[in-house]
file coords11.txt (compact mmCIF, C-alpha atoms and all ligand atoms)
# COMPACT_ATOMS: atom_id res chain seq x y z
CA MET A 1414 203.11 79.12 -4.25
CA ASN A 1415 203.33 82.10 -6.56
CA SER A 1416 200.04 82.99 -8.11
CA GLN A 1417 199.79 82.50 -11.85
CA VAL A 1418 199.10 85.57 -13.91
CA ALA A 1419 195.89 83.93 -15.12
CA ASP A 1420 194.61 83.90 -11.52
CA LEU A 1421 193.90 87.64 -11.45
CA ARG A 1422 190.76 88.21 -9.41
CA ASP A 1423 188.54 90.72 -11.10
CA ASP A 1424 186.07 92.75 -9.05
CA ASP A 1425 185.00 94.34 -12.32
CA ARG A 1426 184.12 97.73 -10.92
CA ARG A 1427 185.25 100.08 -13.64
CA PRO A 1428 181.88 101.66 -14.48
CA PRO A 1429 180.29 100.39 -17.69
CA ASP A 1430 179.92 103.00 -20.46
CA ASN A 1431 176.23 103.74 -19.70
CA LEU A 1432 177.21 104.66 -16.13
CA VAL A 1433 180.11 106.77 -17.44
CA LEU A 1434 177.52 108.74 -19.46
CA GLU A 1435 175.46 109.33 -16.32
CA ILE A 1436 178.51 110.39 -14.28
CA VAL A 1437 179.73 112.76 -17.02
CA GLN A 1438 176.25 114.28 -17.50
CA ARG A 1439 175.91 114.84 -13.76
CA GLY A 1440 179.35 116.51 -13.58
CA LEU A 1441 178.49 118.78 -16.51
CA ARG A 1442 175.21 119.84 -14.87
CA ALA A 1443 177.10 120.89 -11.72
CA SER A 1444 178.19 124.46 -11.18
CA PRO A 1445 181.10 124.85 -11.69
CA LYS A 1446 181.31 121.92 -14.11
CA ARG A 1447 183.58 119.02 -13.10
CA LEU A 1448 184.67 115.59 -14.29
CA PRO A 1449 186.23 112.85 -12.11
CA SER A 1450 189.98 112.40 -12.49
CA TRP A 1451 189.77 108.61 -13.05
CA LEU A 1452 188.57 109.56 -16.55
CA PHE A 1453 192.22 110.44 -17.35
CA TYR A 1454 193.23 106.81 -17.32
CA ASP A 1455 192.26 105.09 -20.54
CA GLU A 1456 195.12 103.27 -22.30
CA ARG A 1457 196.50 106.45 -23.84
CA GLY A 1458 196.06 108.39 -20.58
CA SER A 1459 198.00 105.75 -18.63
CA HIS A 1460 200.76 105.88 -21.23
CA LEU A 1461 200.85 109.70 -21.07
CA PHE A 1462 201.04 109.56 -17.28
CA GLU A 1463 204.13 107.35 -17.57
CA GLN A 1464 205.62 110.02 -19.85
CA ILE A 1465 204.72 112.77 -17.35
CA CYS A 1466 206.77 110.88 -14.75
CA GLU A 1467 209.81 111.23 -17.02
CA GLN A 1468 209.48 114.98 -17.59
CA PRO A 1469 212.26 117.00 -15.93
CA GLU A 1470 209.71 119.33 -14.28
CA TYR A 1471 207.73 116.46 -12.70
CA TYR A 1472 210.02 116.02 -9.71
CA LEU A 1473 207.65 113.72 -7.76
CA THR A 1474 208.69 110.37 -9.30
CA ARG A 1475 212.39 111.21 -9.45
CA CYS A 1476 212.46 112.37 -5.81
CA GLU A 1477 210.45 109.41 -4.50
CA ILE A 1478 212.71 106.92 -6.28
CA ALA A 1479 215.82 108.72 -4.96
CA LEU A 1480 214.33 108.60 -1.49
CA MET A 1481 213.52 104.88 -1.71
CA GLN A 1482 217.04 104.22 -2.97
CA SER A 1483 218.74 106.11 -0.19
CA HIS A 1484 216.46 105.00 2.68
CA GLY A 1485 215.18 101.59 1.46
CA ALA A 1486 217.08 99.64 4.11
CA GLN A 1487 215.86 101.89 6.97
CA ILE A 1488 212.29 101.74 5.70
CA ALA A 1489 212.40 97.93 5.54
CA GLN A 1490 213.78 97.88 9.07
CA ALA A 1491 210.90 100.04 10.34
CA LEU A 1492 208.38 97.67 8.73
CA GLY A 1493 210.11 94.62 10.19
CA PRO A 1494 210.22 90.97 8.99
CA ASP A 1495 207.34 88.76 7.77
CA VAL A 1496 205.29 91.59 6.29
CA ARG A 1497 202.38 91.11 3.94
CA LEU A 1498 202.78 94.05 1.55
CA VAL A 1499 199.55 95.29 -0.07
CA GLU A 1500 200.09 97.97 -2.72
CA TYR A 1501 197.16 100.24 -3.61
CA GLY A 1502 197.01 101.27 -7.29
CA SER A 1503 200.21 99.35 -8.02
CA GLY A 1504 200.37 100.13 -11.79
CA HIS A 1505 203.76 98.95 -13.05
CA ALA A 1506 205.03 98.69 -9.44
CA ILE A 1507 208.38 100.34 -10.17
CA LYS A 1508 209.12 101.59 -6.63
CA THR A 1509 208.07 98.24 -5.17
CA ASP A 1510 211.27 96.66 -6.49
CA ILE A 1511 213.36 98.76 -4.15
CA LEU A 1512 211.20 97.86 -1.17
CA LEU A 1513 211.13 94.13 -1.95
CA GLN A 1514 214.92 94.12 -2.28
CA HIS A 1515 215.19 95.21 1.35
CA LEU A 1516 212.22 93.56 3.13
CA ALA A 1517 213.13 90.61 5.36
CA ALA A 1518 211.17 87.45 4.45
CA PRO A 1519 208.00 89.11 3.11
CA VAL A 1520 204.99 86.79 3.47
CA ALA A 1521 203.29 87.97 0.27
CA TYR A 1522 203.02 90.87 -2.10
CA VAL A 1523 199.42 91.84 -3.00
CA PRO A 1524 199.29 94.39 -5.85
CA VAL A 1525 195.83 95.98 -6.09
CA GLU A 1526 195.29 97.55 -9.50
CA ILE A 1527 192.18 98.30 -11.53
CA SER A 1528 193.83 98.01 -14.97
CA PRO A 1529 194.43 94.34 -15.81
CA GLU A 1530 197.31 94.84 -18.25
CA PRO A 1531 199.79 96.71 -16.03
CA LEU A 1532 198.82 94.31 -13.25
CA ARG A 1533 199.57 91.26 -15.39
CA GLN A 1534 202.90 92.72 -16.51
CA SER A 1535 204.01 93.70 -13.00
CA VAL A 1536 203.11 90.25 -11.64
CA GLN A 1537 205.19 88.63 -14.35
CA ARG A 1538 208.14 90.95 -13.76
CA LEU A 1539 208.13 90.74 -9.96
CA THR A 1540 207.59 86.97 -9.92
CA ALA A 1541 210.67 86.56 -12.11
CA ARG A 1542 212.71 89.02 -10.06
CA PHE A 1543 211.67 87.83 -6.59
CA PRO A 1544 210.82 84.12 -7.02
CA GLN A 1545 210.81 83.64 -3.23
CA VAL A 1546 207.99 86.19 -2.72
CA PRO A 1547 204.43 84.89 -3.27
CA VAL A 1548 202.54 87.41 -5.43
CA GLN A 1549 198.74 87.53 -4.97
CA PRO A 1550 197.33 90.08 -7.44
CA LEU A 1551 193.94 91.65 -6.96
CA CYS A 1552 192.30 93.44 -9.90
CA ALA A 1553 190.13 95.90 -8.03
CA ASP A 1554 189.43 99.51 -7.15
CA PHE A 1555 191.39 100.26 -3.98
CA THR A 1556 188.90 102.96 -2.93
CA LYS A 1557 186.27 100.24 -2.38
CA GLY A 1558 186.30 97.61 0.41
CA LEU A 1559 188.82 94.91 -0.56
CA ARG A 1560 188.62 91.17 -0.05
CA LEU A 1561 192.32 90.48 0.42
CA PRO A 1562 193.50 86.97 -0.50
CA VAL A 1563 194.45 84.59 2.31
CA SER A 1564 198.23 84.70 2.86
CA PRO A 1565 200.30 81.56 2.28
CA ARG A 1566 201.58 81.85 5.88
CA GLY A 1567 200.83 84.02 8.90
CA ALA A 1568 202.12 87.58 8.57
CA ARG A 1569 203.48 89.62 11.45
CA ARG A 1570 201.79 92.66 9.99
CA THR A 1571 200.01 93.89 6.90
CA VAL A 1572 201.54 97.03 5.45
CA ILE A 1573 199.61 99.02 2.88
CA TYR A 1574 201.97 100.67 0.42
CA PHE A 1575 200.55 103.75 -1.32
CA PRO A 1576 203.34 105.56 -3.18
CA GLY A 1577 203.29 108.38 -5.75
CA SER A 1578 201.39 110.96 -3.67
CA THR A 1579 198.16 109.56 -5.11
CA ILE A 1580 196.65 110.49 -1.72
CA GLY A 1581 196.98 114.08 -3.03
CA ASN A 1582 194.33 113.40 -5.66
CA PHE A 1583 191.70 113.05 -2.92
CA ASP A 1584 190.35 116.12 -1.14
CA ALA A 1585 190.83 116.30 2.63
CA ALA A 1586 187.55 114.58 3.54
CA GLU A 1587 188.02 111.80 0.96
CA ALA A 1588 191.66 111.33 2.00
CA ALA A 1589 190.64 110.88 5.65
CA THR A 1590 187.97 108.35 4.60
CA LEU A 1591 190.50 106.43 2.49
CA LEU A 1592 193.10 106.40 5.30
CA ARG A 1593 190.42 105.16 7.71
CA LYS A 1594 189.54 102.35 5.28
CA MET A 1595 193.24 101.41 5.08
CA ARG A 1596 193.39 101.45 8.89
CA GLY A 1597 190.64 98.80 8.93
CA GLU A 1598 192.31 96.65 6.25
CA MET A 1599 195.76 96.69 7.86
CA GLY A 1600 194.42 95.55 11.25
CA GLU A 1601 195.70 96.24 14.80
CA SER A 1602 199.39 95.64 14.18
CA GLY A 1603 199.55 96.92 10.59
CA GLY A 1604 200.90 100.07 9.03
CA ILE A 1605 200.68 102.32 5.99
CA LEU A 1606 203.73 103.32 3.96
CA ILE A 1607 202.69 106.33 1.95
CA GLY A 1608 204.29 108.79 -0.48
CA VAL A 1609 203.26 112.39 0.21
CA ASP A 1610 204.27 115.38 -1.88
CA LEU A 1611 205.26 118.44 0.13
CA LYS A 1612 204.40 122.13 -0.09
CA LYS A 1613 207.13 124.11 -1.81
CA ASP A 1614 207.87 127.09 -4.05
CA VAL A 1615 204.84 127.77 -6.28
CA VAL A 1616 207.06 128.08 -9.34
CA LEU A 1617 208.32 124.51 -8.93
CA LEU A 1618 204.83 123.19 -8.18
CA GLU A 1619 203.22 124.84 -11.18
CA ALA A 1620 206.08 123.82 -13.51
CA ALA A 1621 205.52 120.16 -12.54
CA TYR A 1622 201.96 120.37 -13.90
CA ASN A 1623 202.81 122.54 -16.92
CA ASP A 1624 205.82 120.77 -18.45
CA ALA A 1625 207.46 122.51 -21.41
CA ALA A 1626 206.98 119.49 -23.70
CA GLY A 1627 203.21 119.77 -23.20
CA VAL A 1628 202.76 116.16 -22.04
CA THR A 1629 200.57 117.12 -19.09
CA ALA A 1630 198.40 119.30 -21.32
CA GLU A 1631 197.96 116.34 -23.67
CA PHE A 1632 197.16 114.06 -20.72
CA THR A 1633 194.49 116.50 -19.51
CA LEU A 1634 192.81 116.96 -22.89
CA ASN A 1635 192.93 113.22 -23.55
CA MET A 1636 190.20 113.00 -20.91
CA LEU A 1637 187.82 114.55 -23.45
CA ALA A 1638 188.83 111.99 -26.11
CA HIS A 1639 188.16 109.25 -23.56
CA VAL A 1640 184.75 110.75 -22.72
CA ASN A 1641 183.90 111.00 -26.45
CA ARG A 1642 184.73 107.32 -26.93
CA ALA A 1643 182.91 106.15 -23.81
CA THR A 1644 179.75 108.25 -24.22
CA GLY A 1645 179.53 109.25 -27.90
CA SER A 1646 179.88 112.93 -26.94
CA ASP A 1647 181.39 115.39 -29.43
CA PHE A 1648 183.97 117.42 -27.49
CA ASN A 1649 186.30 119.15 -29.99
CA LEU A 1650 189.72 118.91 -28.30
CA GLY A 1651 190.97 121.88 -30.33
CA ARG A 1652 188.49 124.17 -28.56
CA PHE A 1653 189.65 123.43 -25.01
CA ARG A 1654 192.92 123.96 -23.17
CA HIS A 1655 194.69 122.64 -20.07
CA ARG A 1656 195.19 124.90 -17.03
CA ALA A 1657 196.97 123.92 -13.80
CA ARG A 1658 197.45 126.50 -11.03
CA TYR A 1659 198.40 126.33 -7.38
CA ASN A 1660 195.71 127.46 -4.96
CA PRO A 1661 197.71 128.52 -1.88
CA MET A 1662 194.65 128.72 0.40
CA ALA A 1663 193.64 125.13 -0.36
CA GLY A 1664 197.28 123.94 -0.69
CA ARG A 1665 196.72 122.18 -3.99
CA ILE A 1666 197.32 122.26 -7.71
CA GLU A 1667 193.92 122.60 -9.35
CA THR A 1668 193.69 121.33 -12.92
CA HIS A 1669 190.94 122.60 -15.19
CA ILE A 1670 189.90 122.10 -18.78
CA VAL A 1671 189.06 125.55 -20.11
CA SER A 1672 186.78 126.26 -23.06
CA THR A 1673 188.53 128.60 -25.52
CA ALA A 1674 185.25 129.62 -27.19
CA GLU A 1675 181.56 129.87 -26.58
CA GLN A 1676 180.32 126.47 -27.72
CA SER A 1677 177.84 123.62 -27.22
CA VAL A 1678 178.72 119.95 -26.81
CA SER A 1679 176.32 117.00 -27.10
CA VAL A 1680 176.66 114.44 -24.34
CA GLY A 1681 174.00 111.78 -24.86
CA ARG A 1682 170.75 113.73 -25.11
CA GLN A 1683 172.18 116.61 -23.09
CA LEU A 1684 173.35 119.76 -24.87
CA VAL A 1685 176.06 121.33 -22.71
CA ARG A 1686 176.84 125.00 -23.21
CA PHE A 1687 180.26 126.48 -22.44
CA ARG A 1688 181.10 130.16 -22.14
CA GLU A 1689 184.45 131.32 -23.54
CA GLY A 1690 186.95 130.91 -20.68
CA GLU A 1691 184.64 128.61 -18.66
CA ALA A 1692 186.66 126.08 -16.66
CA MET A 1693 185.79 122.46 -15.77
CA GLN A 1694 187.55 121.13 -12.68
CA VAL A 1695 189.20 117.76 -13.40
CA GLU A 1696 191.88 117.15 -10.75
CA TYR A 1697 193.22 118.24 -7.38
CA SER A 1698 196.82 117.42 -6.44
CA CYS A 1699 197.01 118.33 -2.75
CA LYS A 1700 200.37 119.30 -1.23
CA TYR A 1701 201.09 118.89 2.47
CA SER A 1702 203.43 120.22 5.10
CA LEU A 1703 204.57 117.50 7.56
CA GLU A 1704 202.22 119.08 10.17
CA ASP A 1705 199.25 119.09 7.74
CA PHE A 1706 199.74 115.42 7.00
CA ALA A 1707 200.12 114.44 10.65
CA ALA A 1708 196.80 116.21 11.34
CA LEU A 1709 195.13 114.34 8.46
CA ALA A 1710 196.49 111.02 9.78
CA HIS A 1711 195.17 111.91 13.23
CA ARG A 1712 191.67 112.47 11.79
CA ALA A 1713 191.80 108.90 10.50
CA GLY A 1714 192.88 107.43 13.87
CA LEU A 1715 196.52 107.10 12.79
CA GLU A 1716 199.85 108.54 13.83
CA VAL A 1717 203.04 109.17 11.91
CA ARG A 1718 205.81 106.90 13.18
CA ASN A 1719 208.55 107.74 10.64
CA VAL A 1720 209.19 110.31 7.95
CA TRP A 1721 211.87 109.96 5.27
CA LEU A 1722 212.79 112.76 2.87
CA ASP A 1723 214.65 112.77 -0.44
CA PRO A 1724 217.99 114.61 -0.50
CA GLU A 1725 216.30 117.77 -1.90
CA GLU A 1726 213.48 117.52 0.71
CA MET A 1727 210.82 117.86 -1.95
CA PHE A 1728 208.92 114.65 -1.21
CA SER A 1729 208.23 112.46 1.81
CA VAL A 1730 207.57 108.80 2.48
CA GLN A 1731 205.81 108.31 5.79
CA TYR A 1732 205.04 105.27 7.92
CA LEU A 1733 201.70 105.47 9.73
CA VAL A 1734 200.43 103.16 12.45
CA ARG A 1735 197.24 103.14 14.55
CA ALA A 1736 197.19 106.01 17.03
CA GLY A 1737 198.53 104.72 20.36
CA ALA A 1738 199.99 101.50 18.85
CA THR A 1739 202.96 100.23 20.83
CA SER A 1740 204.55 97.65 18.50
C1 LIG A 1801 198.77 110.27 -9.93
N1 LIG A 1801 198.93 111.60 -9.35
C2 LIG A 1801 199.65 111.54 -8.09
C3 LIG A 1801 199.47 112.61 -10.27
C4 LIG A 1801 199.59 113.99 -9.54
O1 LIG A 1801 200.70 114.49 -9.46
O2 LIG A 1801 198.58 114.48 -9.04
C5 LIG A 1801 198.60 112.76 -11.50
C6 LIG A 1801 199.05 113.87 -12.40
N2 LIG A 1801 198.28 114.77 -12.93
C7 LIG A 1801 198.99 115.60 -13.67
N3 LIG A 1801 200.25 115.25 -13.57
C8 LIG A 1801 200.32 114.15 -12.80
call {"tool": "encode", "arguments": {"input": "coords11.txt", "output": "structure tokens"}}
result
Amino acid sequence: MNSQVADLRDDDRRPPDNLVLEIVQRGLRASPKRLPSWLFYDERGSHLFEQICEQPEYYLTRCEIALMQSHGAQIAQALGPDVRLVEYGSGHAIKTDILLQHLAAPVAYVPVEISPEPLRQSVQRLTARFPQVPVQPLCADFTKGLRLPVSPRGARRTVIYFPGSTIGNFDAAEAATLLRKMRGEMGESGGILIGVDLKKDVVLLEAAYNDAAGVTAEFTLNMLAHVNRATGSDFNLGRFRHRARYNPMAGRIETHIVSTAEQSVSVGRQLVRFREGEAMQVEYSCKYSLEDFAALAHRAGLEVRNVWLDPEEMFSVQYLVRAGATS
């Protein structure tokens, strides 16, 4: 039976505002200052991220969709029939459509998403579009241990779908920990289907995070508006700017919020001083070569079974299984 939208299970882990204050204060005491990237995603931030995905410079979404369209059938074949598909951070689940069109007799689709509204909307849309696929939504933080719902029938394997190169927003140690957690959740015969952005010309990489329309800059600074609302702080958005640069040694775009003046900001009872030009680190977007990613998978006890590339070879979708798995 398809789950009703009202059945959303809520693990309620988005930190309450008093904890947000503590997390922000701790990040602003650190040297250099930093704020966690989940603070981007209030309602406006999520909307701005959708707009980023439509910017001509932000090739990631366009290339991943092109890749799923051209290789969807092959990908579904690699996953096999009777799959339980668990999507981490499913959002509006746009790329999932292409996969569900091709999968043979999927046992269930389990979207795992922390924001209830996109989850509700995607469940409604996918239930209408694929009435034969049971949808079992889970409103939860995919970085924490998940209690997956019991499937309506036995699955041949659980496949964790993690598109969008969201893995790039975790540093190498965190990414290995997350992949290891997925390895546990997918079980012996399971797999991970993951979108991974590739290393490429710095000009293209930096353009993707500095679009001409300024949407990414707005997305970045919106984090301060979110922090003001959640903590009562008084960041003046006009006195900070967005900066995103590629660090070739670390292989990642590093996004900072830079103070354009010497200034003080009140965050709870803490007075935070900024020097002119001082940068707060707010996001990493790691880029991988195919070898880099295979090595990361190996650290998590996984191996790469398949790699698919978009026609421009900018982006990859990879299928990982347990190291040494035979089936
Ligand atoms: C969600 N994530 C994969 C995006 C990225 O490319 O790192 C977030 C983003 N930040 C700025 N632009 C897009």
call {"tool": "axis_aligned_box", "arguments": {"input": "coords11.txt", "around": "ligand LIG 1801 (chain A)", "padding_each_side": "4 Å", "output": "AutoDock Vina command-line options"}}
result
--center_x 199.5 --center_y 112.9 --center_z -10.9 --size_x 10.4 --size_y 13.3 --size_z 13.6
call {"tool": "residues_around", "arguments": {"input": "coords11.txt", "residues": "Ile1670 in chain A", "least_positions_apart": "2", "cutoff": "9 Å", "atoms": "only C-alpha atoms", "output": "CSV table (one decimal) with C-alpha atoms, in the frame of the given file"}}
result
chain,number,residue,atom,x,y,z
A,1633,THR,CA,194.5,116.5,-19.5
A,1634,LEU,CA,192.8,117.0,-22.9
A,1653,PHE,CA,189.6,123.4,-25.0
A,1654,ARG,CA,192.9,124.0,-23.2
A,1655,HIS,CA,194.7,122.6,-20.1
A,1656,ARG,CA,195.2,124.9,-17.0
A,1657,ALA,CA,197.0,123.9,-13.8
A,1668,THR,CA,193.7,121.3,-12.9
A,1672,SER,CA,186.8,126.3,-23.1
A,1691,GLU,CA,184.6,128.6,-18.7
A,1692,ALA,CA,186.7,126.1,-16.7
A,1693,MET,CA,185.8,122.5,-15.8
A,1694,GLN,CA,187.6,121.1,-12.7
A,1695,VAL,CA,189.2,117.8,-13.4
call {"tool": "atom_distance", "arguments": {"input": "coords11.txt", "atom1": "CA of Cys1552 in chain A", "atom2": "CA of Ala1568 in chain A"}}
result
21.7 Å
call {"tool": "residues_near_ligand", "arguments": {"input": "coords11.txt", "ligand": "ligand LIG 1801 (chain A)", "cutoff": "10 Å", "atoms": "all atoms listed in the file", "output": "CSV table (one decimal) with C-alpha atoms, in the coordinates of the input"}}
result
chain,number,residue,atom,x,y,z
A,1450,SER,CA,190.0,112.4,-12.5
A,1451,TRP,CA,189.8,108.6,-13.0
A,1453,PHE,CA,192.2,110.4,-17.4
A,1454,TYR,CA,193.2,106.8,-17.3
A,1459,SER,CA,198.0,105.8,-18.6
A,1461,LEU,CA,200.8,109.7,-21.1
A,1462,PHE,CA,201.0,109.6,-17.3
A,1463,GLU,CA,204.1,107.4,-17.6
A,1464,GLN,CA,205.6,110.0,-19.8
A,1465,ILE,CA,204.7,112.8,-17.4
A,1466,CYS,CA,206.8,110.9,-14.8
A,1471,TYR,CA,207.7,116.5,-12.7
A,1472,TYR,CA,210.0,116.0,-9.7
A,1473,LEU,CA,207.6,113.7,-7.8
A,1474,THR,CA,208.7,110.4,-9.3
A,1502,GLY,CA,197.0,101.3,-7.3
A,1576,PRO,CA,203.3,105.6,-3.2
A,1577,GLY,CA,203.3,108.4,-5.8
A,1578,SER,CA,201.4,111.0,-3.7
A,1579,THR,CA,198.2,109.6,-5.1
A,1580,ILE,CA,196.6,110.5,-1.7
A,1581,GLY,CA,197.0,114.1,-3.0
A,1582,ASN,CA,194.3,113.4,-5.7
A,1583,PHE,CA,191.7,113.0,-2.9
A,1608,GLY,CA,204.3,108.8,-0.5
A,1609,VAL,CA,203.3,112.4,0.2
A,1610,ASP,CA,204.3,115.4,-1.9
A,1618,LEU,CA,204.8,123.2,-8.2
A,1621,ALA,CA,205.5,120.2,-12.5
A,1622,TYR,CA,202.0,120.4,-13.9
A,1623,ASN,CA,202.8,122.5,-16.9
A,1624,ASP,CA,205.8,120.8,-18.4
A,1628,VAL,CA,202.8,116.2,-22.0
A,1629,THR,CA,200.6,117.1,-19.1
A,1630,ALA,CA,198.4,119.3,-21.3
A,1632,PHE,CA,197.2,114.1,-20.7
A,1633,THR,CA,194.5,116.5,-19.5
A,1657,ALA,CA,197.0,123.9,-13.8
A,1665,ARG,CA,196.7,122.2,-4.0
A,1666,ILE,CA,197.3,122.3,-7.7
A,1667,GLU,CA,193.9,122.6,-9.4
A,1668,THR,CA,193.7,121.3,-12.9
A,1695,VAL,CA,189.2,117.8,-13.4
A,1696,GLU,CA,191.9,117.2,-10.8
A,1697,TYR,CA,193.2,118.2,-7.4
A,1698,SER,CA,196.8,117.4,-6.4
A,1699,CYS,CA,197.0,118.3,-2.8
A,1700,LYS,CA,200.4,119.3,-1.2
call {"tool": "closest_residue", "arguments": {"input": "coords11.txt", "among": "A:Ala1443, A:Val1437, A:Val1720, A:Ala1491", "to": "Leu1611 in chain A", "atoms": "all atoms listed in the file"}}
result
A:Val1720
call {"tool": "closest_residue", "arguments": {"input": "coords11.txt", "among": "A:Pro1562, A:Gly1664, A:Gly1714, A:Gly1627", "to": "Arg1735 in chain A", "atoms": "all atoms listed in the file"}}
result
A:Gly1714
call {"tool": "atom_distance", "arguments": {"input": "coords11.txt", "atom1": "CA of Gly1485 in chain A", "atom2": "CA of Leu1703 in chain A"}}
result
20.1 Å
call {"tool": "atom_distance", "arguments": {"input": "coords11.txt", "atom1": "CA of Val1525 in chain A", "atom2": "CA of Ser1564 in chain A"}}
result
14.6 Å
call {"tool": "closest_residue", "arguments": {"input": "coords11.txt", "among": "A:Ala1663, A:Ala1620, A:Val1640, A:Leu1551", "to": "Val1678 in chain A", "atoms": "only C-alpha atoms"}}
result
A:Val1640
call {"tool": "residues_around", "arguments": {"input": "coords11.txt", "residues": "Leu1516 in chain A", "least_positions_apart": "6", "cutoff": "8 Å", "atoms": "all atoms listed in the file", "output": "ChimeraX atom specification"}}
result
/A:1486,1489-1490,1492-1494,1496
call {"tool": "closest_residue", "arguments": {"input": "coords11.txt", "among": "A:Arg1596, A:Arg1652, A:Lys1446, A:His1505", "to": "Thr1571 in chain A", "atoms": "all atoms listed in the file"}}
result
A:Arg1596
call {"tool": "residues_near_point", "arguments": {"input": "coords11.txt", "point": "(172.1, 113.6, -24.5)", "cutoff": "12 Å", "atoms": "all atoms listed in the file", "output": "number ranges by chain"}}
result
A: 1431, 1434-1435, 1437-1439, 1441-1442, 1644-1647, 1677-1685
call {"tool": "residues_near_point", "arguments": {"input": "coords11.txt", "point": "(191.0, 93.8, 1.7)", "cutoff": "9 Å", "atoms": "all atoms listed in the file", "output": "PyMOL selection string"}}
result
chain A and resi 1499+1555+1557-1562+1595+1597-1599
call {"tool": "residues_around", "arguments": {"input": "coords11.txt", "residues": "Tyr1732 in chain A", "least_positions_apart": "4", "cutoff": "7 Å", "atoms": "only C-alpha atoms", "output": "PyMOL selection string"}}
result
chain A and resi 1604-1607+1717-1720
call {"tool": "closest_residue", "arguments": {"input": "coords11.txt", "among": "A:Ala1643, A:Leu1650, A:Leu1513, A:Met1662", "to": "Ile1488 in chain A", "atoms": "all atoms listed in the file"}}
result
A:Leu1513
call {"tool": "residues_around", "arguments": {"input": "coords11.txt", "residues": "Tyr1701 in chain A", "least_positions_apart": "2", "cutoff": "6 Å", "atoms": "only C-alpha atoms", "output": "NGL selection string"}}
result
:A and (1611-1612 or 1705-1706)
call {"tool": "write_last_selection", "arguments": {"input": "coords11.txt", "atoms": "C-alpha atoms", "output": "tab-separated table (two decimals), in the coordinates of the input"}}
result
chain	number	residue	atom	x	y	z
A	1611	LEU	CA	205.26	118.44	0.13
A	1612	LYS	CA	204.40	122.13	-0.09
A	1705	ASP	CA	199.25	119.09	7.74
A	1706	PHE	CA	199.74	115.42	7.00
call {"tool": "closest_residue", "arguments": {"input": "coords11.txt", "among": "A:Val1616, A:Val1548, A:Ala1518, A:Leu1733", "to": "Ala1713 in chain A", "atoms": "only C-alpha atoms"}}
result
A:Leu1733
